[in-house]
Amino acid sequence: MNLAFRQRWLPTLVTAAVLLLLLAAAGALYPGFLRPLVFANILRNNAYLGILALGMTFVILSGGIDLSVGTLLAFSTILLARAIEAGLHPLPAAFAVAAVGTFFGAGQGLLIHSFRLPPFLVTLAGMFLAKGLAFAVSLQSLTISHPHFDAAASFRILVPGRAPLTTATWMFLVLLAAGILLARRTRFGRNVYALGGSEDTALLMGLPIARTRVTVYALSGLCAALAGLAMTLNTRSGNPAIGLGMELDAIACAVIGGTLLTGGVGSVFGTFLGVLIFGSIKTALDFHGGLDSSWLRIAMGILLLAFIVLQRALSRSGSPNPNS
């Protein structure tokens, strides 16, 4: 088994196996769990997390981290709600919110690269900044009421099994497909992997390190804003108090999906599998009814620790033996 297979595909295959075992167990315990309607609900209820995790995957692949995405999501929801309340049409309001998220992320990337600052500290500051901005817009949640927004939120497409796929779900699936193509089929994607693998080597290869790093964080900010839009489509409101801790869920989904925290190894599709695992555990707990949400964190914590150990074992097995 060669190193490329062990590092690139084996973690994703393990994630897929865990997901299949989880679905099989839940299907055996809870009749009706494997219905298309349940799967559609898993996608709908976790579309915002999936979009958030897509941007986080690119950041981690580049060797960074972004702790601001959860509160930036909250800021995006309340900013969109306030803009629509002020009379702005939902479509230009959504574009404006997306632009703000992109600019916010790009600013963090520029600070990280220009001043050689740790991504953890810069995005931690960004987390507090975004949370403060959210509460500056409104101290309480705002209901979104607009005919065009209501139409988008109510939009459904029925797939086989009469499972409805909502606008937020389609946003997630389209962005997932775009993310897979961006990571594996474009020069930017190759640059991200190279940057995460070794910045010094990427510099020697003449790759645009500065542009790649800033673009990665801009993409993360854009995904956070779009995740906020997906959440408003589900809840039809903006809320400045949500989002805290969602960045950890996004990181967990990426790592469980096989993305190496040190960068350079992972896949967007693996992150999608991680999101499905998260959503399936949460849905199984709902089916059970006798367990609270703390068990979701316990299960994700165990899985996260297991995948970190697996990643470490694969990294060691791929390292040259100094005694050989």
# chains A, B, ... in the order shown; residues from 1 in each chain; ligands from 1
>>> residues_around(residues="region 64-66 of chain A", least_positions_apart="3", cutoff="9 Å", atoms="only C-alpha atoms", output="list in words")
Met56, Phe58, Val59, Ile60, Leu61, Val69, Gly105, Pro118, Pro119, Phe120, Val122, Thr123, Leu124, Gly126, Met127, Gly196, Arg213, Tyr217, Ser220, Glu247, Ile251, Leu261, Thr262 and Gly263 of chain A
>>> write_last_selection(atoms="N, CA and C atoms", output="PDB file, in the first residue's frame")
ATOM      1  N   MET A  56     -13.898  25.634   5.583  1.00  0.00           N
ATOM      2  CA  MET A  56     -12.910  25.232   6.581  1.00  0.00           C
ATOM      3  C   MET A  56     -11.953  24.198   6.012  1.00  0.00           C
ATOM      4  N   PHE A  58     -10.739  23.945   2.967  1.00  0.00           N
ATOM      5  CA  PHE A  58      -9.699  24.602   2.191  1.00  0.00           C
ATOM      6  C   PHE A  58      -8.684  25.297   3.097  1.00  0.00           C
ATOM      7  N   VAL A  59      -9.172  25.896   4.181  1.00  0.00           N
ATOM      8  CA  VAL A  59      -8.267  26.553   5.119  1.00  0.00           C
ATOM      9  C   VAL A  59      -7.327  25.541   5.751  1.00  0.00           C
ATOM     10  N   ILE A  60      -7.864  24.414   6.221  1.00  0.00           N
ATOM     11  CA  ILE A  60      -7.026  23.393   6.862  1.00  0.00           C
ATOM     12  C   ILE A  60      -6.083  22.766   5.846  1.00  0.00           C
ATOM     13  N   LEU A  61      -6.546  22.542   4.633  1.00  0.00           N
ATOM     14  CA  LEU A  61      -5.671  21.998   3.592  1.00  0.00           C
ATOM     15  C   LEU A  61      -4.470  22.902   3.341  1.00  0.00           C
ATOM     16  N   VAL A  69     -15.510  31.596  11.690  1.00  0.00           N
ATOM     17  CA  VAL A  69     -16.610  31.309  10.764  1.00  0.00           C
ATOM     18  C   VAL A  69     -17.962  31.189  11.459  1.00  0.00           C
ATOM     19  N   GLY A 105     -13.002  37.635   5.409  1.00  0.00           N
ATOM     20  CA  GLY A 105     -12.052  36.529   5.345  1.00  0.00           C
ATOM     21  C   GLY A 105     -10.750  36.926   4.677  1.00  0.00           C
ATOM     22  N   PRO A 118       0.061  34.074  13.628  1.00  0.00           N
ATOM     23  CA  PRO A 118      -0.568  32.755  13.733  1.00  0.00           C
ATOM     24  C   PRO A 118      -2.044  32.822  13.344  1.00  0.00           C
ATOM     25  N   PRO A 119      -2.486  31.944  12.455  1.00  0.00           N
ATOM     26  CA  PRO A 119      -3.907  31.950  12.063  1.00  0.00           C
ATOM     27  C   PRO A 119      -4.849  31.791  13.250  1.00  0.00           C
ATOM     28  N   PHE A 120      -4.439  31.018  14.256  1.00  0.00           N
ATOM     29  CA  PHE A 120      -5.283  30.811  15.439  1.00  0.00           C
ATOM     30  C   PHE A 120      -5.611  32.143  16.103  1.00  0.00           C
ATOM     31  N   VAL A 122      -5.230  35.345  14.880  1.00  0.00           N
ATOM     32  CA  VAL A 122      -5.900  36.307  14.009  1.00  0.00           C
ATOM     33  C   VAL A 122      -7.382  35.980  13.883  1.00  0.00           C
ATOM     34  N   THR A 123      -7.696  34.710  13.656  1.00  0.00           N
ATOM     35  CA  THR A 123      -9.105  34.343  13.493  1.00  0.00           C
ATOM     36  C   THR A 123      -9.847  34.318  14.829  1.00  0.00           C
ATOM     37  N   LEU A 124      -9.109  34.137  15.930  1.00  0.00           N
ATOM     38  CA  LEU A 124      -9.748  34.282  17.242  1.00  0.00           C
ATOM     39  C   LEU A 124     -10.204  35.724  17.448  1.00  0.00           C
ATOM     40  N   GLY A 126     -10.855  37.714  14.991  1.00  0.00           N
ATOM     41  CA  GLY A 126     -11.955  37.854  14.041  1.00  0.00           C
ATOM     42  C   GLY A 126     -13.260  37.305  14.590  1.00  0.00           C
ATOM     43  N   MET A 127     -13.174  36.239  15.386  1.00  0.00           N
ATOM     44  CA  MET A 127     -14.368  35.670  16.001  1.00  0.00           C
ATOM     45  C   MET A 127     -15.040  36.687  16.918  1.00  0.00           C
ATOM     46  N   GLY A 196      -0.143  23.720   1.902  1.00  0.00           N
ATOM     47  CA  GLY A 196      -0.329  22.974   3.140  1.00  0.00           C
ATOM     48  C   GLY A 196       0.711  21.900   3.339  1.00  0.00           C
ATOM     49  N   ARG A 213      -3.020  32.072  -0.091  1.00  0.00           N
ATOM     50  CA  ARG A 213      -3.445  32.127   1.315  1.00  0.00           C
ATOM     51  C   ARG A 213      -4.592  33.125   1.505  1.00  0.00           C
ATOM     52  N   TYR A 217      -8.671  32.196   2.718  1.00  0.00           N
ATOM     53  CA  TYR A 217      -9.442  32.801   3.811  1.00  0.00           C
ATOM     54  C   TYR A 217     -10.633  33.600   3.284  1.00  0.00           C
ATOM     55  N   SER A 220     -13.206  31.024   2.739  1.00  0.00           N
ATOM     56  CA  SER A 220     -13.792  30.624   4.013  1.00  0.00           C
ATOM     57  C   SER A 220     -14.818  31.657   4.490  1.00  0.00           C
ATOM     58  N   GLU A 247     -17.742  26.691  14.519  1.00  0.00           N
ATOM     59  CA  GLU A 247     -16.431  26.512  13.889  1.00  0.00           C
ATOM     60  C   GLU A 247     -15.793  25.193  14.320  1.00  0.00           C
ATOM     61  N   ILE A 251     -14.663  22.092  11.920  1.00  0.00           N
ATOM     62  CA  ILE A 251     -13.327  21.475  11.991  1.00  0.00           C
ATOM     63  C   ILE A 251     -13.454  19.977  12.208  1.00  0.00           C
ATOM     64  N   LEU A 261      -4.887  17.893   9.965  1.00  0.00           N
ATOM     65  CA  LEU A 261      -4.853  19.217  10.595  1.00  0.00           C
ATOM     66  C   LEU A 261      -3.589  19.995  10.270  1.00  0.00           C
ATOM     67  N   THR A 262      -2.521  19.311   9.934  1.00  0.00           N
ATOM     68  CA  THR A 262      -1.276  19.989   9.574  1.00  0.00           C
ATOM     69  C   THR A 262      -1.272  20.464   8.131  1.00  0.00           C
ATOM     70  N   GLY A 263      -2.291  20.100   7.355  1.00  0.00           N
ATOM     71  CA  GLY A 263      -2.437  20.597   5.996  1.00  0.00           C
ATOM     72  C   GLY A 263      -1.890  19.658   4.945  1.00  0.00           C
TER      73      GLY A 263
END
>>> residues_around(residues="Ser293 (chain A)", least_positions_apart="5", cutoff="9 Å", atoms="only C-alpha atoms", output="list of chain:residue names")
A:Lys282, A:Leu285, A:Asp286
>>> closest_residue(among="A:Leu244, A:Met205, A:Ala96, A:Cys223", to="Gly50 (chain A)", atoms="only C-alpha atoms")
A:Cys223
>>> select_by_dssp(residues="region 155-202 of chain A", states="helix (DSSP H, G or I)", output="VMD selection string")
chain A and resid 167 to 185 187 to 197 199 to 202
>>> closest_residue(among="A:Phe278, A:Arg185, A:Arg162, A:His148", to="Ile256 (chain A)", atoms="only C-alpha atoms")
A:Phe278
>>> atom_distance(atom1="CA of Gly132 (chain A)", atom2="CA of Pro240 (chain A)")
8.9 Å
>>> closest_residue(among="A:Leu139, A:Leu195, A:Leu54, A:Leu110", to="Gly238 (chain A)", atoms="only C-alpha atoms")
A:Leu139
>>> select_by_dssp(residues="region 65-170 of chain A", states="strand (DSSP E)", output="ChimeraX atom specification")
/A:142-143,156-159,163-166
>>> write_last_selection(atoms="all heavy atoms", output="PDB file, in the first residue's frame")
ATOM      1  N   LEU A 142     -34.203  38.880  14.488  1.00  0.00           N
ATOM      2  CA  LEU A 142     -35.141  39.600  13.625  1.00  0.00           C
ATOM      3  C   LEU A 142     -35.788  38.613  12.661  1.00  0.00           C
ATOM      4  O   LEU A 142     -35.096  37.826  12.008  1.00  0.00           O
ATOM      5  CB  LEU A 142     -34.413  40.682  12.829  1.00  0.00           C
ATOM      6  CG  LEU A 142     -33.735  41.811  13.613  1.00  0.00           C
ATOM      7  CD1 LEU A 142     -32.968  42.715  12.659  1.00  0.00           C
ATOM      8  CD2 LEU A 142     -34.769  42.614  14.390  1.00  0.00           C
ATOM      9  N   THR A 143     -37.095  38.662  12.565  1.00  0.00           N
ATOM     10  CA  THR A 143     -37.819  37.826  11.606  1.00  0.00           C
ATOM     11  C   THR A 143     -37.717  38.432  10.217  1.00  0.00           C
ATOM     12  O   THR A 143     -37.831  39.653  10.047  1.00  0.00           O
ATOM     13  CB  THR A 143     -39.298  37.700  12.010  1.00  0.00           C
ATOM     14  OG1 THR A 143     -39.378  37.121  13.320  1.00  0.00           O
ATOM     15  CG2 THR A 143     -40.055  36.830  11.029  1.00  0.00           C
ATOM     16  N   ARG A 156     -39.293  23.830  -2.910  1.00  0.00           N
ATOM     17  CA  ARG A 156     -39.002  22.408  -2.719  1.00  0.00           C
ATOM     18  C   ARG A 156     -38.944  21.716  -4.077  1.00  0.00           C
ATOM     19  O   ARG A 156     -39.698  22.048  -4.982  1.00  0.00           O
ATOM     20  CB  ARG A 156     -40.073  21.708  -1.877  1.00  0.00           C
ATOM     21  CG  ARG A 156     -40.313  22.277  -0.494  1.00  0.00           C
ATOM     22  CD  ARG A 156     -39.209  21.883   0.479  1.00  0.00           C
ATOM     23  NE  ARG A 156     -39.553  22.206   1.853  1.00  0.00           N
ATOM     24  CZ  ARG A 156     -39.383  23.411   2.406  1.00  0.00           C
ATOM     25  NH1 ARG A 156     -38.903  24.408   1.672  1.00  0.00           N
ATOM     26  NH2 ARG A 156     -39.702  23.628   3.661  1.00  0.00           N
ATOM     27  N   ILE A 157     -38.044  20.748  -4.199  1.00  0.00           N
ATOM     28  CA  ILE A 157     -38.043  19.837  -5.338  1.00  0.00           C
ATOM     29  C   ILE A 157     -38.128  18.424  -4.779  1.00  0.00           C
ATOM     30  O   ILE A 157     -37.284  18.028  -3.964  1.00  0.00           O
ATOM     31  CB  ILE A 157     -36.779  19.991  -6.205  1.00  0.00           C
ATOM     32  CG1 ILE A 157     -36.766  21.350  -6.899  1.00  0.00           C
ATOM     33  CG2 ILE A 157     -36.710  18.874  -7.249  1.00  0.00           C
ATOM     34  CD1 ILE A 157     -35.554  21.573  -7.789  1.00  0.00           C
ATOM     35  N   LEU A 158     -39.134  17.677  -5.195  1.00  0.00           N
ATOM     36  CA  LEU A 158     -39.311  16.322  -4.702  1.00  0.00           C
ATOM     37  C   LEU A 158     -38.452  15.360  -5.509  1.00  0.00           C
ATOM     38  O   LEU A 158     -38.471  15.365  -6.742  1.00  0.00           O
ATOM     39  CB  LEU A 158     -40.783  15.909  -4.794  1.00  0.00           C
ATOM     40  CG  LEU A 158     -41.760  16.674  -3.892  1.00  0.00           C
ATOM     41  CD1 LEU A 158     -43.184  16.148  -4.110  1.00  0.00           C
ATOM     42  CD2 LEU A 158     -41.374  16.538  -2.431  1.00  0.00           C
ATOM     43  N   VAL A 159     -37.664  14.549  -4.820  1.00  0.00           N
ATOM     44  CA  VAL A 159     -36.852  13.514  -5.448  1.00  0.00           C
ATOM     45  C   VAL A 159     -37.516  12.173  -5.164  1.00  0.00           C
ATOM     46  O   VAL A 159     -38.486  12.098  -4.408  1.00  0.00           O
ATOM     47  CB  VAL A 159     -35.410  13.555  -4.898  1.00  0.00           C
ATOM     48  CG1 VAL A 159     -34.743  14.877  -5.271  1.00  0.00           C
ATOM     49  CG2 VAL A 159     -35.381  13.371  -3.390  1.00  0.00           C
ATOM     50  N   ALA A 163     -39.055  12.859  -1.217  1.00  0.00           N
ATOM     51  CA  ALA A 163     -38.211  13.591  -0.264  1.00  0.00           C
ATOM     52  C   ALA A 163     -37.977  14.995  -0.801  1.00  0.00           C
ATOM     53  O   ALA A 163     -37.485  15.158  -1.930  1.00  0.00           O
ATOM     54  CB  ALA A 163     -36.881  12.874  -0.076  1.00  0.00           C
ATOM     55  N   PRO A 164     -38.324  16.029  -0.030  1.00  0.00           N
ATOM     56  CA  PRO A 164     -38.173  17.402  -0.523  1.00  0.00           C
ATOM     57  C   PRO A 164     -36.760  17.935  -0.299  1.00  0.00           C
ATOM     58  O   PRO A 164     -36.209  17.850   0.796  1.00  0.00           O
ATOM     59  CB  PRO A 164     -39.187  18.172   0.321  1.00  0.00           C
ATOM     60  CG  PRO A 164     -39.236  17.415   1.613  1.00  0.00           C
ATOM     61  CD  PRO A 164     -38.979  15.977   1.290  1.00  0.00           C
ATOM     62  N   LEU A 165     -36.168  18.474  -1.349  1.00  0.00           N
ATOM     63  CA  LEU A 165     -34.870  19.136  -1.247  1.00  0.00           C
ATOM     64  C   LEU A 165     -35.110  20.644  -1.319  1.00  0.00           C
ATOM     65  O   LEU A 165     -35.626  21.157  -2.307  1.00  0.00           O
ATOM     66  CB  LEU A 165     -33.933  18.687  -2.368  1.00  0.00           C
ATOM     67  CG  LEU A 165     -33.558  17.200  -2.380  1.00  0.00           C
ATOM     68  CD1 LEU A 165     -32.545  16.917  -3.477  1.00  0.00           C
ATOM     69  CD2 LEU A 165     -33.026  16.755  -1.030  1.00  0.00           C
ATOM     70  N   THR A 166     -34.737  21.355  -0.265  1.00  0.00           N
ATOM     71  CA  THR A 166     -35.018  22.782  -0.152  1.00  0.00           C
ATOM     72  C   THR A 166     -33.941  23.613  -0.844  1.00  0.00           C
ATOM     73  O   THR A 166     -32.923  23.092  -1.307  1.00  0.00           O
ATOM     74  CB  THR A 166     -35.088  23.180   1.330  1.00  0.00           C
ATOM     75  OG1 THR A 166     -33.786  22.968   1.927  1.00  0.00           O
ATOM     76  CG2 THR A 166     -36.115  22.348   2.071  1.00  0.00           C
TER      77      THR A 166
END
>>> residues_around(residues="Val137 (chain A)", least_positions_apart="2", cutoff="10 Å", atoms="only C-alpha atoms", output="PyMOL selection string")
chain A and resi 75+78-79+81-83+132-135+139-140+240
>>> closest_residue(among="A:Gln311, A:Asn46, A:Ser198, A:Thr169", to="Ser62 (chain A)", atoms="only C-alpha atoms")
A:Ser198
>>> residues_around(residues="Gly221 (chain A)", least_positions_apart="4", cutoff="12 Å", atoms="only C-alpha atoms", output="PyMOL selection string")
chain A and resi 51-56+58-59+66-73+75-76+97-109+123+126-127+130+214-217+225-228+247
>>> closest_residue(among="A:Ile112, A:Ala168, A:Leu19, A:Val192", to="Met231 (chain A)", atoms="only C-alpha atoms")
A:Ala168
>>> closest_residue(among="A:Thr259, A:Cys253, A:Ile302, A:Gly289", to="Trp9 (chain A)", atoms="only C-alpha atoms")
A:Thr259
>>> residues_around(residues="region 20-29 of chain A", least_positions_apart="2", cutoff="8 Å", atoms="only C-alpha atoms", output="PyMOL selection string")
chain A and resi 16-18+31-34+277+280-281+284
>>> decode(residues="region 289-302 of chain A", atoms="all heavy atoms", output="PDB file, in the first residue's frame")
ATOM      1  N   GLY A 289     -35.003   9.674  21.323  1.00  0.00           N
ATOM      2  CA  GLY A 289     -35.868  10.477  22.171  1.00  0.00           C
ATOM      3  C   GLY A 289     -35.486  10.505  23.634  1.00  0.00           C
ATOM      4  O   GLY A 289     -35.901  11.408  24.369  1.00  0.00           O
ATOM      5  N   GLY A 290     -34.706   9.540  24.097  1.00  0.00           N
ATOM      6  CA  GLY A 290     -34.370   9.490  25.514  1.00  0.00           C
ATOM      7  C   GLY A 290     -32.989  10.003  25.839  1.00  0.00           C
ATOM      8  O   GLY A 290     -32.578   9.980  27.009  1.00  0.00           O
ATOM      9  N   LEU A 291     -32.252  10.475  24.839  1.00  0.00           N
ATOM     10  CA  LEU A 291     -30.898  10.981  25.045  1.00  0.00           C
ATOM     11  C   LEU A 291     -30.842  12.443  24.642  1.00  0.00           C
ATOM     12  O   LEU A 291     -31.443  12.832  23.643  1.00  0.00           O
ATOM     13  CB  LEU A 291     -29.886  10.169  24.222  1.00  0.00           C
ATOM     14  CG  LEU A 291     -29.785   8.671  24.558  1.00  0.00           C
ATOM     15  CD1 LEU A 291     -28.861   7.981  23.570  1.00  0.00           C
ATOM     16  CD2 LEU A 291     -29.274   8.472  25.983  1.00  0.00           C
ATOM     17  N   ASP A 292     -30.107  13.252  25.414  1.00  0.00           N
ATOM     18  CA  ASP A 292     -30.011  14.667  25.086  1.00  0.00           C
ATOM     19  C   ASP A 292     -28.852  14.910  24.121  1.00  0.00           C
ATOM     20  O   ASP A 292     -28.110  13.999  23.747  1.00  0.00           O
ATOM     21  CB  ASP A 292     -29.870  15.524  26.345  1.00  0.00           C
ATOM     22  CG  ASP A 292     -28.659  15.130  27.187  1.00  0.00           C
ATOM     23  OD1 ASP A 292     -27.607  14.812  26.595  1.00  0.00           O
ATOM     24  OD2 ASP A 292     -28.761  15.141  28.425  1.00  0.00           O
ATOM     25  N   SER A 293     -28.696  16.180  23.730  1.00  0.00           N
ATOM     26  CA  SER A 293     -27.715  16.535  22.711  1.00  0.00           C
ATOM     27  C   SER A 293     -26.272  16.354  23.170  1.00  0.00           C
ATOM     28  O   SER A 293     -25.357  16.383  22.342  1.00  0.00           O
ATOM     29  CB  SER A 293     -27.926  17.986  22.270  1.00  0.00           C
ATOM     30  OG  SER A 293     -27.786  18.872  23.371  1.00  0.00           O
ATOM     31  N   SER A 294     -26.048  16.187  24.472  1.00  0.00           N
ATOM     32  CA  SER A 294     -24.679  15.987  24.946  1.00  0.00           C
ATOM     33  C   SER A 294     -24.077  14.721  24.360  1.00  0.00           C
ATOM     34  O   SER A 294     -22.856  14.639  24.168  1.00  0.00           O
ATOM     35  CB  SER A 294     -24.653  15.921  26.478  1.00  0.00           C
ATOM     36  OG  SER A 294     -25.392  14.805  26.949  1.00  0.00           O
ATOM     37  N   TRP A 295     -24.921  13.738  24.046  1.00  0.00           N
ATOM     38  CA  TRP A 295     -24.407  12.504  23.467  1.00  0.00           C
ATOM     39  C   TRP A 295     -23.877  12.702  22.053  1.00  0.00           C
ATOM     40  O   TRP A 295     -23.010  11.953  21.592  1.00  0.00           O
ATOM     41  CB  TRP A 295     -25.490  11.427  23.499  1.00  0.00           C
ATOM     42  CG  TRP A 295     -25.710  10.903  24.886  1.00  0.00           C
ATOM     43  CD1 TRP A 295     -26.661  11.296  25.785  1.00  0.00           C
ATOM     44  CD2 TRP A 295     -24.926   9.905  25.543  1.00  0.00           C
ATOM     45  NE1 TRP A 295     -26.522  10.619  26.969  1.00  0.00           N
ATOM     46  CE2 TRP A 295     -25.466   9.745  26.849  1.00  0.00           C
ATOM     47  CE3 TRP A 295     -23.827   9.132  25.175  1.00  0.00           C
ATOM     48  CZ2 TRP A 295     -24.941   8.840  27.764  1.00  0.00           C
ATOM     49  CZ3 TRP A 295     -23.304   8.223  26.088  1.00  0.00           C
ATOM     50  CH2 TRP A 295     -23.854   8.084  27.366  1.00  0.00           C
ATOM     51  N   LEU A 296     -24.399  13.697  21.360  1.00  0.00           N
ATOM     52  CA  LEU A 296     -23.848  14.035  20.052  1.00  0.00           C
ATOM     53  C   LEU A 296     -22.401  14.478  20.202  1.00  0.00           C
ATOM     54  O   LEU A 296     -21.524  14.046  19.431  1.00  0.00           O
ATOM     55  CB  LEU A 296     -24.686  15.140  19.402  1.00  0.00           C
ATOM     56  CG  LEU A 296     -24.127  15.761  18.114  1.00  0.00           C
ATOM     57  CD1 LEU A 296     -24.021  14.722  17.011  1.00  0.00           C
ATOM     58  CD2 LEU A 296     -24.983  16.935  17.668  1.00  0.00           C
ATOM     59  N   ARG A 297     -22.130  15.334  21.192  1.00  0.00           N
ATOM     60  CA  ARG A 297     -20.765  15.813  21.419  1.00  0.00           C
ATOM     61  C   ARG A 297     -19.856  14.677  21.863  1.00  0.00           C
ATOM     62  O   ARG A 297     -18.686  14.614  21.476  1.00  0.00           O
ATOM     63  CB  ARG A 297     -20.771  16.921  22.481  1.00  0.00           C
ATOM     64  CG  ARG A 297     -21.676  18.092  22.142  1.00  0.00           C
ATOM     65  CD  ARG A 297     -21.278  18.746  20.850  1.00  0.00           C
ATOM     66  NE  ARG A 297     -22.264  19.698  20.374  1.00  0.00           N
ATOM     67  CZ  ARG A 297     -22.211  20.303  19.203  1.00  0.00           C
ATOM     68  NH1 ARG A 297     -21.209  20.049  18.380  1.00  0.00           N
ATOM     69  NH2 ARG A 297     -23.149  21.149  18.842  1.00  0.00           N
ATOM     70  N   ILE A 298     -20.383  13.778  22.687  1.00  0.00           N
ATOM     71  CA  ILE A 298     -19.585  12.637  23.143  1.00  0.00           C
ATOM     72  C   ILE A 298     -19.194  11.759  21.953  1.00  0.00           C
ATOM     73  O   ILE A 298     -18.023  11.377  21.794  1.00  0.00           O
ATOM     74  CB  ILE A 298     -20.366  11.823  24.189  1.00  0.00           C
ATOM     75  CG1 ILE A 298     -20.538  12.639  25.475  1.00  0.00           C
ATOM     76  CG2 ILE A 298     -19.660  10.494  24.487  1.00  0.00           C
ATOM     77  CD1 ILE A 298     -21.468  11.993  26.488  1.00  0.00           C
ATOM     78  N   ALA A 299     -20.165  11.447  21.099  1.00  0.00           N
ATOM     79  CA  ALA A 299     -19.897  10.599  19.937  1.00  0.00           C
ATOM     80  C   ALA A 299     -18.916  11.266  18.977  1.00  0.00           C
ATOM     81  O   ALA A 299     -17.966  10.626  18.487  1.00  0.00           O
ATOM     82  CB  ALA A 299     -21.207  10.275  19.214  1.00  0.00           C
ATOM     83  N   MET A 300     -19.117  12.568  18.703  1.00  0.00           N
ATOM     84  CA  MET A 300     -18.211  13.277  17.797  1.00  0.00           C
ATOM     85  C   MET A 300     -16.814  13.381  18.402  1.00  0.00           C
ATOM     86  O   MET A 300     -15.808  13.294  17.683  1.00  0.00           O
ATOM     87  CB  MET A 300     -18.767  14.670  17.493  1.00  0.00           C
ATOM     88  CG  MET A 300     -20.011  14.663  16.617  1.00  0.00           C
ATOM     89  SD  MET A 300     -19.749  13.955  14.972  1.00  0.00           S
ATOM     90  CE  MET A 300     -18.683  15.205  14.242  1.00  0.00           C
ATOM     91  N   GLY A 301     -16.740  13.558  19.731  1.00  0.00           N
ATOM     92  CA  GLY A 301     -15.437  13.622  20.377  1.00  0.00           C
ATOM     93  C   GLY A 301     -14.674  12.321  20.245  1.00  0.00           C
ATOM     94  O   GLY A 301     -13.458  12.320  19.962  1.00  0.00           O
ATOM     95  N   ILE A 302     -15.368  11.199  20.425  1.00  0.00           N
ATOM     96  CA  ILE A 302     -14.725   9.889  20.293  1.00  0.00           C
ATOM     97  C   ILE A 302     -14.256   9.670  18.859  1.00  0.00           C
ATOM     98  O   ILE A 302     -13.120   9.226  18.613  1.00  0.00           O
ATOM     99  CB  ILE A 302     -15.702   8.780  20.725  1.00  0.00           C
ATOM    100  CG1 ILE A 302     -15.979   8.867  22.232  1.00  0.00           C
ATOM    101  CG2 ILE A 302     -15.145   7.407  20.371  1.00  0.00           C
ATOM    102  CD1 ILE A 302     -17.078   7.942  22.707  1.00  0.00           C
TER     103      ILE A 302
END
